[in-house]
$ cat my_file_0.txt   # compact mmCIF, C-alpha atoms
# COMPACT_ATOMS: atom_id res chain seq x y z
CA MET A 14 -42.59 26.16 17.76
CA ASN A 15 -40.52 27.06 14.75
CA ALA A 16 -40.57 24.07 12.42
CA GLY A 17 -38.25 25.62 9.84
CA PRO A 18 -34.84 24.42 10.92
CA ARG A 19 -36.20 21.07 11.98
CA SER A 20 -37.66 20.25 8.60
CA ALA A 21 -34.40 21.38 7.02
CA HIS A 22 -32.51 18.89 9.20
CA ALA A 23 -34.89 16.10 8.47
CA LYS A 24 -34.82 16.54 4.70
CA GLY A 25 -38.59 16.53 4.40
CA LYS A 26 -39.14 13.36 6.42
CA ASP A 27 -39.91 15.49 9.44
CA SER A 28 -43.12 14.30 11.02
CA SER A 29 -42.64 10.59 10.44
CA MET A 30 -38.95 10.55 11.33
CA LYS A 31 -37.32 8.60 14.11
CA ILE A 32 -34.34 10.03 15.96
CA ALA A 33 -31.72 7.90 17.69
CA PHE A 34 -29.94 9.11 20.83
CA THR A 35 -26.92 7.54 22.51
CA ALA A 36 -28.27 6.68 25.93
CA ALA A 37 -26.91 5.35 29.21
CA GLY A 38 -30.44 4.30 30.22
CA THR A 39 -33.81 3.32 28.85
CA ASP A 40 -35.97 6.45 29.13
CA LEU A 41 -35.78 10.15 28.25
CA ALA A 42 -34.24 10.97 31.65
CA ALA A 43 -31.22 8.84 30.75
CA PRO A 44 -27.85 10.57 30.46
CA LEU A 45 -26.77 11.14 26.85
CA ASP A 46 -23.90 8.67 26.38
CA ASP A 47 -20.57 10.34 25.54
CA ARG A 48 -19.65 7.79 22.92
CA PHE A 49 -21.42 6.41 19.91
CA GLY A 50 -19.74 3.11 18.97
CA ARG A 51 -19.34 2.03 22.58
CA ALA A 52 -22.56 3.63 23.84
CA ALA A 53 -24.45 1.62 26.45
CA GLY A 54 -27.46 1.68 24.13
CA PHE A 55 -29.75 3.86 22.04
CA LEU A 56 -33.16 5.42 22.45
CA LEU A 57 -35.26 5.71 19.32
CA TYR A 58 -37.79 8.55 19.52
CA ASP A 59 -40.65 8.65 17.04
CA LEU A 60 -41.40 12.32 16.23
CA GLU A 61 -44.88 11.43 15.00
CA THR A 62 -46.18 9.29 17.86
CA GLY A 63 -43.80 10.27 20.67
CA ALA A 64 -43.06 6.58 21.21
CA VAL A 65 -39.70 5.76 22.82
CA GLN A 66 -37.92 2.51 22.02
CA SER A 67 -34.75 1.25 23.71
CA ILE A 68 -32.21 -0.50 21.50
CA GLY A 69 -29.27 -2.50 22.81
CA ASN A 70 -25.70 -2.09 21.56
CA GLU A 71 -24.32 -5.44 22.74
CA GLN A 72 -22.81 -6.40 19.37
CA SER A 73 -20.67 -3.27 19.32
CA LEU A 74 -19.70 -3.42 22.98
CA THR A 75 -18.21 -6.88 22.52
CA ALA A 76 -16.42 -6.11 19.24
CA ALA A 77 -12.64 -5.68 19.34
CA HIS A 78 -12.65 -3.41 16.31
CA GLY A 79 -15.33 -1.74 14.24
CA ALA A 80 -17.69 -0.89 17.12
CA GLY A 81 -18.67 2.41 15.49
CA ILE A 82 -19.46 0.69 12.21
CA GLN A 83 -21.62 -1.91 13.94
CA ALA A 84 -23.42 0.76 15.98
CA ALA A 85 -24.06 2.79 12.83
CA GLU A 86 -25.58 -0.26 11.18
CA THR A 87 -27.75 -0.93 14.25
CA VAL A 88 -29.06 2.65 14.26
CA ALA A 89 -29.66 2.76 10.51
CA ARG A 90 -31.40 -0.63 10.47
CA ALA A 91 -33.67 0.55 13.29
CA GLY A 92 -34.99 3.16 10.88
CA ALA A 93 -33.43 6.29 12.37
CA GLY A 94 -33.19 9.32 10.10
CA ALA A 95 -31.06 11.26 12.56
CA LEU A 96 -28.62 10.52 15.34
CA VAL A 97 -28.03 12.80 18.32
CA THR A 98 -24.87 12.01 20.27
CA ARG A 99 -22.03 13.72 22.05
CA HIS A 100 -19.29 12.29 19.85
CA CYS A 101 -19.08 10.33 16.61
CA GLY A 102 -15.93 8.90 15.00
CA PRO A 103 -14.96 8.85 11.33
CA LYS A 104 -15.85 5.24 10.43
CA ALA A 105 -19.28 5.46 12.04
CA PHE A 106 -19.86 8.84 10.39
CA ARG A 107 -19.07 7.37 6.96
CA VAL A 108 -21.58 4.53 7.44
CA LEU A 109 -24.26 6.86 8.84
CA ALA A 110 -23.80 9.29 5.96
CA ALA A 111 -24.08 6.48 3.40
CA ALA A 112 -27.26 5.24 5.10
CA GLY A 113 -28.77 8.74 5.07
CA VAL A 114 -28.64 9.27 8.84
CA THR A 115 -27.91 12.91 9.78
CA VAL A 116 -25.59 13.30 12.77
CA PHE A 117 -26.02 16.01 15.43
CA ASN A 118 -23.49 16.61 18.22
CA THR A 119 -24.59 18.14 21.50
CA ASP A 120 -23.36 18.58 25.06
CA ALA A 121 -26.87 18.12 26.49
CA ALA A 122 -26.83 16.17 29.74
CA THR A 123 -29.83 13.92 29.12
CA VAL A 124 -31.67 12.44 26.17
CA GLY A 125 -34.70 14.54 27.08
CA GLU A 126 -32.69 17.78 26.98
CA ALA A 127 -31.13 16.77 23.67
CA LEU A 128 -34.58 16.06 22.26
CA GLU A 129 -35.78 19.53 23.32
CA LEU A 130 -32.76 21.15 21.64
CA TYR A 131 -33.47 19.17 18.50
CA ARG A 132 -37.16 20.14 18.50
CA ALA A 133 -36.23 23.78 19.03
CA GLY A 134 -34.03 23.59 15.94
CA ARG A 135 -30.96 24.44 18.01
CA LEU A 136 -28.80 21.55 16.79
CA GLN A 137 -26.76 21.83 13.61
CA PRO A 138 -26.08 18.80 11.40
CA ALA A 139 -22.45 17.69 11.70
CA ALA A 140 -20.42 17.90 8.50
CA ALA A 141 -17.85 15.36 9.67
CA ALA A 142 -16.75 13.21 12.57
CA ASP A 143 -15.86 15.25 15.66
CA VAL A 144 -13.37 12.80 17.17
CA GLU A 145 -10.54 10.59 15.95
CA GLY A 146 -11.19 6.96 15.22
CA SER A 147 -9.33 4.19 16.99
CA MET B 24 14.60 -26.65 12.94
CA ILE B 25 12.53 -23.64 13.98
CA VAL B 26 12.95 -22.38 17.54
CA ALA B 27 10.65 -19.59 18.68
CA ILE B 28 11.64 -17.39 21.61
CA ALA B 29 8.53 -16.07 23.30
CA SER B 30 7.18 -14.84 26.63
CA GLY B 31 3.85 -13.86 28.07
CA LYS B 32 5.29 -10.82 29.79
CA GLY B 33 7.12 -8.09 27.87
CA GLY B 34 10.66 -7.10 28.80
CA THR B 35 11.73 -10.49 30.14
CA GLY B 36 14.66 -10.86 27.73
CA LYS B 37 13.39 -12.54 24.55
CA THR B 38 15.60 -10.40 22.36
CA THR B 39 18.62 -10.88 24.63
CA VAL B 40 18.24 -14.65 24.37
CA ALA B 41 17.50 -14.57 20.63
CA VAL B 42 20.41 -12.40 19.49
CA ASN B 43 22.99 -14.09 21.72
CA LEU B 44 21.86 -17.54 20.57
CA ALA B 45 22.00 -16.38 16.96
CA ARG B 46 25.58 -15.14 17.37
CA LEU B 47 26.70 -18.42 18.96
CA LEU B 48 24.91 -20.59 16.39
CA GLY B 49 26.36 -18.46 13.55
CA GLY B 50 27.10 -20.20 10.27
CA GLY B 51 23.92 -19.70 8.25
CA VAL B 52 21.44 -19.37 11.10
CA HIS B 53 18.34 -17.32 10.29
CA LEU B 54 16.92 -14.99 12.93
CA LEU B 55 13.38 -13.78 12.18
CA ASP B 56 12.47 -10.65 14.13
CA CYS B 57 8.70 -11.05 14.40
CA ASP B 58 8.23 -8.28 16.97
CA VAL B 59 7.10 -6.18 14.01
CA GLU B 60 5.73 -3.29 16.04
CA GLU B 61 9.14 -2.56 17.49
CA PRO B 62 11.80 -4.75 15.88
CA ASN B 63 15.17 -4.29 17.59
CA ASP B 64 17.32 -7.36 16.89
CA HIS B 65 19.27 -5.29 14.32
CA LEU B 66 20.58 -3.07 17.12
CA PHE B 67 22.54 -6.05 18.44
CA LEU B 68 23.47 -7.55 15.09
CA PRO B 69 24.52 -4.71 12.79
CA GLY B 70 25.27 -5.70 9.22
CA THR B 71 24.70 -4.81 5.62
CA ASN B 72 21.13 -3.76 5.04
CA GLY B 73 19.24 -5.30 2.16
CA ALA B 74 16.53 -3.39 0.34
CA ALA B 75 13.16 -3.12 2.08
CA GLU B 76 10.53 -5.31 0.43
CA PRO B 77 6.93 -4.19 0.81
CA VAL B 78 4.38 -6.61 2.27
CA THR B 79 0.78 -6.26 1.18
CA LEU B 80 -2.59 -7.65 2.20
CA PRO B 81 -5.38 -8.30 -0.33
CA VAL B 82 -8.34 -6.02 0.42
CA PRO B 83 -11.66 -5.77 -1.43
CA GLU B 84 -12.46 -3.30 -4.18
CA VAL B 85 -16.10 -3.10 -5.22
CA ASP B 86 -17.29 -2.66 -8.79
CA GLN B 87 -20.21 -0.29 -8.13
CA GLN B 88 -21.76 -1.09 -11.52
CA ARG B 89 -22.02 -4.81 -10.86
CA CYS B 90 -22.97 -4.55 -7.16
CA ASP B 91 -26.67 -4.74 -6.36
CA ALA B 92 -26.22 -4.05 -2.62
CA CYS B 93 -27.39 -7.53 -1.61
CA GLY B 94 -25.27 -7.39 1.56
CA ALA B 95 -23.76 -10.89 1.30
CA CYS B 96 -20.21 -9.50 1.68
CA SER B 97 -21.20 -7.53 4.77
CA ASP B 98 -22.93 -10.53 6.37
CA PHE B 99 -19.80 -12.61 5.82
CA CYS B 100 -17.22 -10.17 7.21
CA ALA B 101 -16.68 -10.66 10.95
CA TYR B 102 -14.58 -7.49 11.20
CA HIS B 103 -16.91 -4.90 9.62
CA ALA B 104 -14.27 -4.26 6.98
CA ILE B 105 -16.98 -4.24 4.31
CA VAL B 106 -20.40 -2.89 5.24
CA SER B 107 -23.56 -3.09 3.17
CA PHE B 108 -27.21 -3.07 4.25
CA GLY B 109 -29.40 -1.79 1.47
CA ILE B 110 -26.53 0.50 0.53
CA LYS B 111 -23.60 -0.09 -1.80
CA PRO B 112 -20.73 -1.55 0.25
CA LEU B 113 -18.38 0.72 2.17
CA VAL B 114 -14.88 -0.70 2.53
CA PHE B 115 -12.69 -0.07 5.61
CA PRO B 116 -9.32 -1.46 4.45
CA GLU B 117 -7.68 -0.92 7.84
CA LEU B 118 -10.07 -3.46 9.41
CA CYS B 119 -9.63 -6.08 6.66
CA HIS B 120 -7.81 -9.30 7.57
CA GLY B 121 -7.36 -10.24 3.90
CA CYS B 122 -9.30 -13.51 3.99
CA GLY B 123 -10.95 -12.94 0.60
CA GLY B 124 -14.31 -14.25 1.83
CA CYS B 125 -16.28 -11.23 0.61
CA ALA B 126 -15.11 -11.80 -2.96
CA LEU B 127 -15.98 -15.50 -2.72
CA VAL B 128 -19.53 -14.99 -1.44
CA CYS B 129 -20.42 -12.13 -3.82
CA PRO B 130 -23.04 -13.59 -6.18
CA ARG B 131 -22.33 -10.96 -8.86
CA GLN B 132 -18.52 -11.17 -8.87
CA ALA B 133 -18.48 -7.47 -8.07
CA ILE B 134 -15.53 -7.70 -5.66
CA ARG B 135 -11.90 -8.05 -6.62
CA GLU B 136 -8.93 -7.99 -4.28
CA VAL B 137 -6.27 -5.33 -4.52
CA PRO B 138 -3.00 -5.19 -2.58
CA ARG B 139 -2.73 -2.81 0.37
CA ARG B 140 0.69 -2.15 1.91
CA ILE B 141 0.91 -3.08 5.61
CA GLY B 142 4.65 -3.04 6.25
CA GLU B 143 8.00 -4.18 4.98
CA ILE B 144 10.64 -6.88 5.38
CA ARG B 145 14.36 -6.15 5.46
CA THR B 146 17.10 -8.74 5.35
CA VAL B 147 20.41 -8.00 7.08
CA GLU B 148 23.55 -10.10 6.70
CA ALA B 149 25.24 -9.81 10.08
CA GLY B 150 28.44 -11.86 10.28
CA GLY B 151 27.03 -15.31 9.57
CA VAL B 152 23.55 -14.49 10.85
CA THR B 153 20.82 -13.77 8.32
CA LEU B 154 18.49 -11.39 10.15
CA VAL B 155 15.02 -11.05 8.63
CA GLN B 156 13.16 -8.12 10.11
CA GLY B 157 9.48 -7.29 9.76
CA ARG B 158 8.38 -3.70 10.36
CA ILE B 159 4.71 -2.79 10.38
CA ASP B 160 3.55 0.55 8.97
CA VAL B 161 2.30 3.15 11.43
CA GLY B 162 -1.47 2.93 11.85
CA VAL B 163 -1.86 -0.69 10.71
CA PRO B 164 -3.81 -2.27 13.58
CA SER B 165 -3.28 -5.97 12.82
CA SER B 166 0.19 -7.52 12.70
CA PRO B 167 -0.34 -11.29 12.11
CA PRO B 168 -0.37 -11.08 8.28
CA LEU B 169 3.03 -9.35 8.32
CA ILE B 170 4.36 -11.79 10.95
CA ARG B 171 3.28 -14.71 8.75
CA ALA B 172 5.14 -13.10 5.83
CA VAL B 173 8.30 -12.91 7.94
CA ARG B 174 7.84 -16.51 9.10
CA ALA B 175 7.56 -17.61 5.46
CA ARG B 176 11.21 -16.53 5.04
CA ALA B 177 12.42 -19.42 7.20
CA PRO B 178 14.53 -21.70 5.00
CA ALA B 179 13.46 -25.33 4.63
CA GLN B 180 16.78 -26.53 6.06
CA GLY B 181 19.04 -25.32 8.83
CA MET B 182 18.41 -23.50 12.06
CA THR B 183 15.89 -20.68 12.32
CA LEU B 184 15.31 -18.61 15.45
CA VAL B 185 12.09 -16.61 15.79
CA ASP B 186 12.02 -13.59 18.11
CA ALA B 187 8.30 -13.42 18.92
CA PRO B 188 6.33 -10.38 20.08
CA PRO B 189 5.33 -10.36 23.76
CA GLY B 190 1.96 -11.49 25.04
CA THR B 191 -0.31 -14.42 24.30
CA SER B 192 -2.61 -13.08 21.57
CA CYS B 193 -2.87 -13.50 17.79
CA PRO B 194 0.55 -11.97 16.91
CA VAL B 195 2.27 -14.48 19.20
CA VAL B 196 0.30 -17.38 17.72
CA ALA B 197 1.31 -16.21 14.23
CA ALA B 198 4.97 -16.08 15.31
CA VAL B 199 5.24 -19.45 17.09
CA ARG B 200 2.82 -21.66 15.14
CA GLY B 201 4.64 -24.47 13.37
CA ALA B 202 7.83 -24.09 15.44
CA ASP B 203 9.61 -27.24 16.64
CA LEU B 204 10.36 -25.74 20.03
CA VAL B 205 9.30 -22.68 21.98
CA VAL B 206 11.71 -21.17 24.48
CA LEU B 207 9.69 -19.21 27.04
CA VAL B 208 11.70 -16.46 28.70
CA THR B 209 10.45 -15.35 32.08
CA GLU B 210 11.59 -13.75 35.29
CA PRO B 211 11.09 -15.02 38.85
CA THR B 212 8.46 -12.48 39.83
CA PRO B 213 4.69 -12.75 40.36
CA PHE B 214 4.14 -10.94 37.02
CA GLY B 215 6.60 -13.23 35.30
CA LEU B 216 4.91 -16.33 36.70
CA HIS B 217 1.40 -15.14 35.85
CA ASP B 218 2.26 -14.47 32.24
CA LEU B 219 4.39 -17.62 31.99
CA GLU B 220 1.33 -19.66 32.96
CA LEU B 221 -0.63 -18.02 30.12
CA ALA B 222 2.19 -18.59 27.64
CA VAL B 223 2.53 -22.26 28.62
CA ALA B 224 -1.22 -22.72 28.10
CA LEU B 225 -0.93 -21.16 24.64
CA VAL B 226 2.02 -23.31 23.62
CA ARG B 227 0.27 -26.46 24.86
CA GLU B 228 -2.82 -25.52 22.88
CA LEU B 229 -0.64 -25.35 19.78
CA GLY B 230 0.97 -28.68 20.66
CA ILE B 231 4.56 -27.42 20.58
CA PRO B 232 7.26 -28.63 23.00
CA CYS B 233 8.63 -25.89 25.23
CA GLY B 234 11.32 -25.10 27.73
CA VAL B 235 11.89 -22.16 30.04
CA VAL B 236 14.71 -19.65 30.42
CA ILE B 237 14.65 -17.82 33.74
CA ASN B 238 16.15 -14.37 33.35
CA ARG B 239 17.27 -12.17 36.25
CA ALA B 240 17.55 -15.32 38.34
CA GLY B 241 18.24 -14.48 41.97
CA SER B 242 15.76 -11.63 42.05
CA GLY B 243 12.15 -12.19 43.06
CA ASP B 244 11.15 -15.54 44.55
CA ASP B 245 11.15 -19.27 43.73
CA ARG B 246 7.57 -19.66 42.52
CA VAL B 247 8.55 -19.85 38.85
CA HIS B 248 10.94 -22.70 39.69
CA ALA B 249 8.18 -24.47 41.63
CA PHE B 250 5.76 -24.01 38.74
CA CYS B 251 8.25 -25.47 36.25
CA ARG B 252 8.86 -28.48 38.52
CA ARG B 253 5.15 -29.05 39.04
CA GLU B 254 4.38 -28.79 35.32
CA GLY B 255 7.39 -30.81 34.17
CA LEU B 256 8.82 -27.87 32.21
CA PRO B 257 12.57 -28.14 31.57
CA ILE B 258 14.54 -25.08 32.72
CA LEU B 259 16.97 -24.61 29.84
CA ALA B 260 19.01 -21.80 31.38
CA GLN B 261 19.10 -19.32 34.23
CA ILE B 262 20.57 -15.93 33.45
CA PRO B 263 21.71 -14.24 36.68
CA ASP B 264 20.35 -10.89 37.83
CA ASP B 265 23.50 -8.97 36.89
CA ARG B 266 23.38 -5.23 36.33
CA ARG B 267 26.24 -5.48 33.82
CA ILE B 268 24.02 -7.58 31.52
CA ALA B 269 21.39 -4.83 31.53
CA GLU B 270 24.06 -2.23 30.85
CA ALA B 271 25.48 -4.22 27.91
CA CYS B 272 21.98 -4.65 26.44
CA SER B 273 21.19 -0.96 26.86
CA ARG B 274 24.29 -0.18 24.77
CA GLY B 275 23.19 -2.60 22.04
CA ARG B 276 25.97 -5.09 22.85
CA LEU B 277 25.75 -8.86 22.88
CA VAL B 278 26.20 -10.39 26.32
CA VAL B 279 28.46 -13.13 24.92
CA GLU B 280 30.81 -10.43 23.57
CA ALA B 281 30.61 -7.76 26.27
CA LEU B 282 30.75 -10.27 29.16
CA PRO B 283 32.65 -13.34 27.92
CA GLU B 284 32.18 -15.07 31.27
CA TYR B 285 28.55 -15.63 30.25
CA GLU B 286 29.43 -17.30 26.96
CA PRO B 287 29.43 -20.83 28.50
CA LEU B 288 25.93 -20.22 29.85
CA PHE B 289 24.58 -19.25 26.41
CA ARG B 290 26.61 -22.02 24.75
CA GLN B 291 24.98 -24.56 27.08
CA LEU B 292 21.56 -23.10 26.25
CA SER B 293 22.38 -23.30 22.56
CA GLY B 294 23.31 -26.99 22.94
CA ARG B 295 20.12 -27.77 24.84
CA VAL B 296 17.98 -25.98 22.26
CA THR B 297 19.71 -27.62 19.30
CA HIS B 298 19.44 -31.10 20.80
CA PHE B 299 16.04 -30.67 22.39
CA ALA B 300 14.42 -34.09 22.32
CA PRO B 301 11.08 -33.78 20.56
CA THR B 302 9.59 -36.23 23.07
CA GLN B 303 9.92 -33.60 25.80
CA ARG B 304 6.37 -32.30 25.41
CA CYS B 305 5.41 -29.51 27.72

$ encode --input "my_file_0.txt" --output "structure tokens"
Amino acid sequence: MNAGPRSAHAKGKDSSMKIAFTAAGTDLAAPLDDRFGRAAGFLLYDLETGAVQSIGNEQSLTAAHGAGIQAAETVARAGAGALVTRHCGPKAFRVLAAAGVTVFNTDAATVGEALELYRAGRLQPAAAADVEGS
Amino acid sequence: MIVAIASGKGGTGKTTVAVNLARLLGGGVHLLDCDVEEPNDHLFLPGTNGAAEPVTLPVPEVDQQRCDACGACSDFCAYHAIVSFGIKPLVFPELCHGCGGCALVCPRQAIREVPRRIGEIRTVEAGGVTLVQGRIDVGVPSSPPLIRAVRARAPAQGMTLVDAPPGTSCPVVAAVRGADLVVLVTEPTPFGLHDLELAVALVRELGIPCGVVINRAGSGDDRVHAFCRREGLPILAQIPDDRRIAEACSRGRLVVEALPEYEPLFRQLSGRVTHFAPTQRC
């Protein structure tokens, strides 16, 4: 496997990095959730050990405003260095950027497929939010 | 005396009741248009426009030199308007409710509050009626601070009418809180009844006396009447389901001027509102 692009994405934290995925389920077969702030939950994948951890997003789902901000905090606090999601809004993107979490957008159907794309270096870091905030 | 005109359901006739009452009361009455997302009382009461006065909300500004990223501000804020977790705080002014808590809890006095414009207030003198209109800026998601600013324009003496926004959430609470009487406008339909029940619960929670105006009476059914009887809610007026009233309103005309035969009905309502006995709790 070509490690070049991957290490570039991960800013040198490559092998020990954890990646967060928006997930509508609790394992790698789960569909990649369309949304970030209102995602059903997150899967945290440890690139070093291959361990998968499911993280809830209840606090954001019940928030009237600021769901993306809360979700960004949840993901950053969980120790993720990267986030792979279908869409990410401007407020969440600002928090993730400040916390040093690189965002990748993909149309992959499942978390597992998104992980393979990431490993293959086929995902590009997002430079900005890809959808409007609410 | 402050009389708020409210309704759970939108489009029941709050504005119709408010502007016609204001015209009949005349002589120094204040009408506060608190439907700040779409104020329209001025369409019925044209007059000389005063200058627009900006309304601002205090939002945090962080002194990055003083801040040590302790996160106390972020922990305090229930709305994620200021976010800090091992990082210097990020401020999202559009989510800020202006409570000032972040500045109070900051142990390093690194936060000061700066004004952020959220809308404006315009005062119109319309033939004996002083119309105070709040208008929120596009993109501002929270209206209660502006509504409270409009409410603060009620004079200490004399009669003030408040045209509240529809619904039963925070903007309505901001508009009716502290009123002496709430007039709930409804219509005799299942939707009207459902939302009237919610509005009555809200007004009771706030401990304000209330009465009901049934608009488009004669349409729908009698369940609103039955509800009012059962709950001991006084029916202050019934405005008939008359197409000509809708036509007058759609042309921006006052019912009491376009259709003088309805003036006695609104005059009776005006009398009942003005002399509403404060013992009539709802």

$ interface_residues --input "my_file_0.txt" --of "chain B" --to "chain A" --cutoff "12 Å" --atoms "all atoms listed in the file" --output "NGL selection string"
:B and (94 or 97-98 or 100-120 or 162-165)

$ residues_around --input "my_file_0.txt" --residues "Ala140 of chain A" --least-positions-apart "2" --cutoff "10 Å" --atoms "only C-alpha atoms" --output "JSON, numbers by chain"
{"A": [106, 110, 115, 116, 117, 137, 138, 142, 143]}

$ residues_around --input "my_file_0.txt" --residues "Ala64 of chain A" --least-positions-apart "6" --cutoff "12 Å" --atoms "all atoms listed in the file" --output "ChimeraX atom specification"
/A:29-33,40-41,56-58

$ closest_residue --input "my_file_0.txt" --among "B:Ile28, B:Cys96, B:Leu292, B:Val173" --to "Thr146 of chain B" --atoms "only C-alpha atoms"
B:Val173

$ atom_distance --input "my_file_0.txt" --atom1 "atom CA of Arg266 of chain B" --atom2 "atom CA of Val206 of chain B"
23.0 Å

$ residues_near_point --input "my_file_0.txt" --point "(1.6, -24.5, 18.8)" --cutoff "10 Å" --atoms "all atoms listed in the file" --output "PyMOL selection string"
chain B and resi 196-205+224-233

$ closest_residue --input "my_file_0.txt" --among "B:Gly124, B:Pro138, B:Gly31, B:Pro69" --to "Leu154 of chain B" --atoms "only C-alpha atoms"
B:Pro69

$ closest_residue --input "my_file_0.txt" --among "A:Thr35, A:Tyr131, A:Ala93, A:Ala105" --to "Asp47 of chain A" --atoms "all atoms listed in the file"
A:Thr35

$ build_atoms --input "my_file_0.txt" --residues "segment 207-229 of chain B" --atoms "N, CA and C atoms" --output "CSV table (one decimal), in the frame of the given file"
chain,number,residue,atom,x,y,z
B,207,LEU,N,10.4,-20.2,26.3
B,207,LEU,CA,9.7,-19.2,27.0
B,207,LEU,C,10.6,-18.5,28.0
B,208,VAL,N,10.8,-17.2,27.8
B,208,VAL,CA,11.7,-16.5,28.7
B,208,VAL,C,10.8,-15.8,29.8
B,209,THR,N,11.2,-16.0,31.0
B,209,THR,CA,10.4,-15.4,32.1
B,209,THR,C,11.4,-14.8,33.1
B,210,GLU,N,10.8,-14.2,34.2
B,210,GLU,CA,11.6,-13.8,35.3
B,210,GLU,C,10.9,-14.2,36.6
B,211,PRO,N,11.7,-14.4,37.6
B,211,PRO,CA,11.1,-15.0,38.8
B,211,PRO,C,10.3,-14.0,39.7
B,212,THR,N,9.3,-13.4,39.1
B,212,THR,CA,8.5,-12.5,39.8
B,212,THR,C,7.0,-12.9,39.7
B,213,PRO,N,6.1,-12.4,40.5
B,213,PRO,CA,4.7,-12.8,40.4
B,213,PRO,C,4.2,-12.4,39.0
B,214,PHE,N,4.6,-11.3,38.4
B,214,PHE,CA,4.1,-10.9,37.0
B,214,PHE,C,4.7,-12.0,36.0
B,215,GLY,N,6.0,-12.3,36.2
B,215,GLY,CA,6.6,-13.2,35.3
B,215,GLY,C,5.9,-14.6,35.3
B,216,LEU,N,5.6,-15.0,36.6
B,216,LEU,CA,4.9,-16.3,36.7
B,216,LEU,C,3.5,-16.3,36.1
B,217,HIS,N,2.8,-15.2,36.4
B,217,HIS,CA,1.4,-15.1,35.8
B,217,HIS,C,1.4,-15.3,34.3
B,218,ASP,N,2.3,-14.5,33.7
B,218,ASP,CA,2.3,-14.5,32.2
B,218,ASP,C,2.9,-15.7,31.7
B,219,LEU,N,3.8,-16.3,32.4
B,219,LEU,CA,4.4,-17.6,32.0
B,219,LEU,C,3.3,-18.7,31.9
B,220,GLU,N,2.4,-18.7,32.9
B,220,GLU,CA,1.3,-19.7,33.0
B,220,GLU,C,0.5,-19.5,31.7
B,221,LEU,N,0.2,-18.3,31.3
B,221,LEU,CA,-0.6,-18.0,30.1
B,221,LEU,C,0.1,-18.5,28.9
B,222,ALA,N,1.4,-18.2,28.8
B,222,ALA,CA,2.2,-18.6,27.6
B,222,ALA,C,2.3,-20.1,27.5
B,223,VAL,N,2.5,-20.8,28.6
B,223,VAL,CA,2.5,-22.3,28.6
B,223,VAL,C,1.2,-22.8,28.1
B,224,ALA,N,0.1,-22.2,28.6
B,224,ALA,CA,-1.2,-22.7,28.1
B,224,ALA,C,-1.3,-22.5,26.6
B,225,LEU,N,-0.9,-21.4,26.1
B,225,LEU,CA,-0.9,-21.2,24.6
B,225,LEU,C,-0.1,-22.2,23.9
B,226,VAL,N,1.1,-22.4,24.3
B,226,VAL,CA,2.0,-23.3,23.6
B,226,VAL,C,1.5,-24.7,23.6
B,227,ARG,N,0.9,-25.1,24.8
B,227,ARG,CA,0.3,-26.5,24.9
B,227,ARG,C,-0.9,-26.6,23.9
B,228,GLU,N,-1.7,-25.5,23.8
B,228,GLU,CA,-2.8,-25.5,22.9
B,228,GLU,C,-2.3,-25.8,21.4
B,229,LEU,N,-1.2,-25.2,21.1
B,229,LEU,CA,-0.6,-25.4,19.8
B,229,LEU,C,0.1,-26.7,19.6
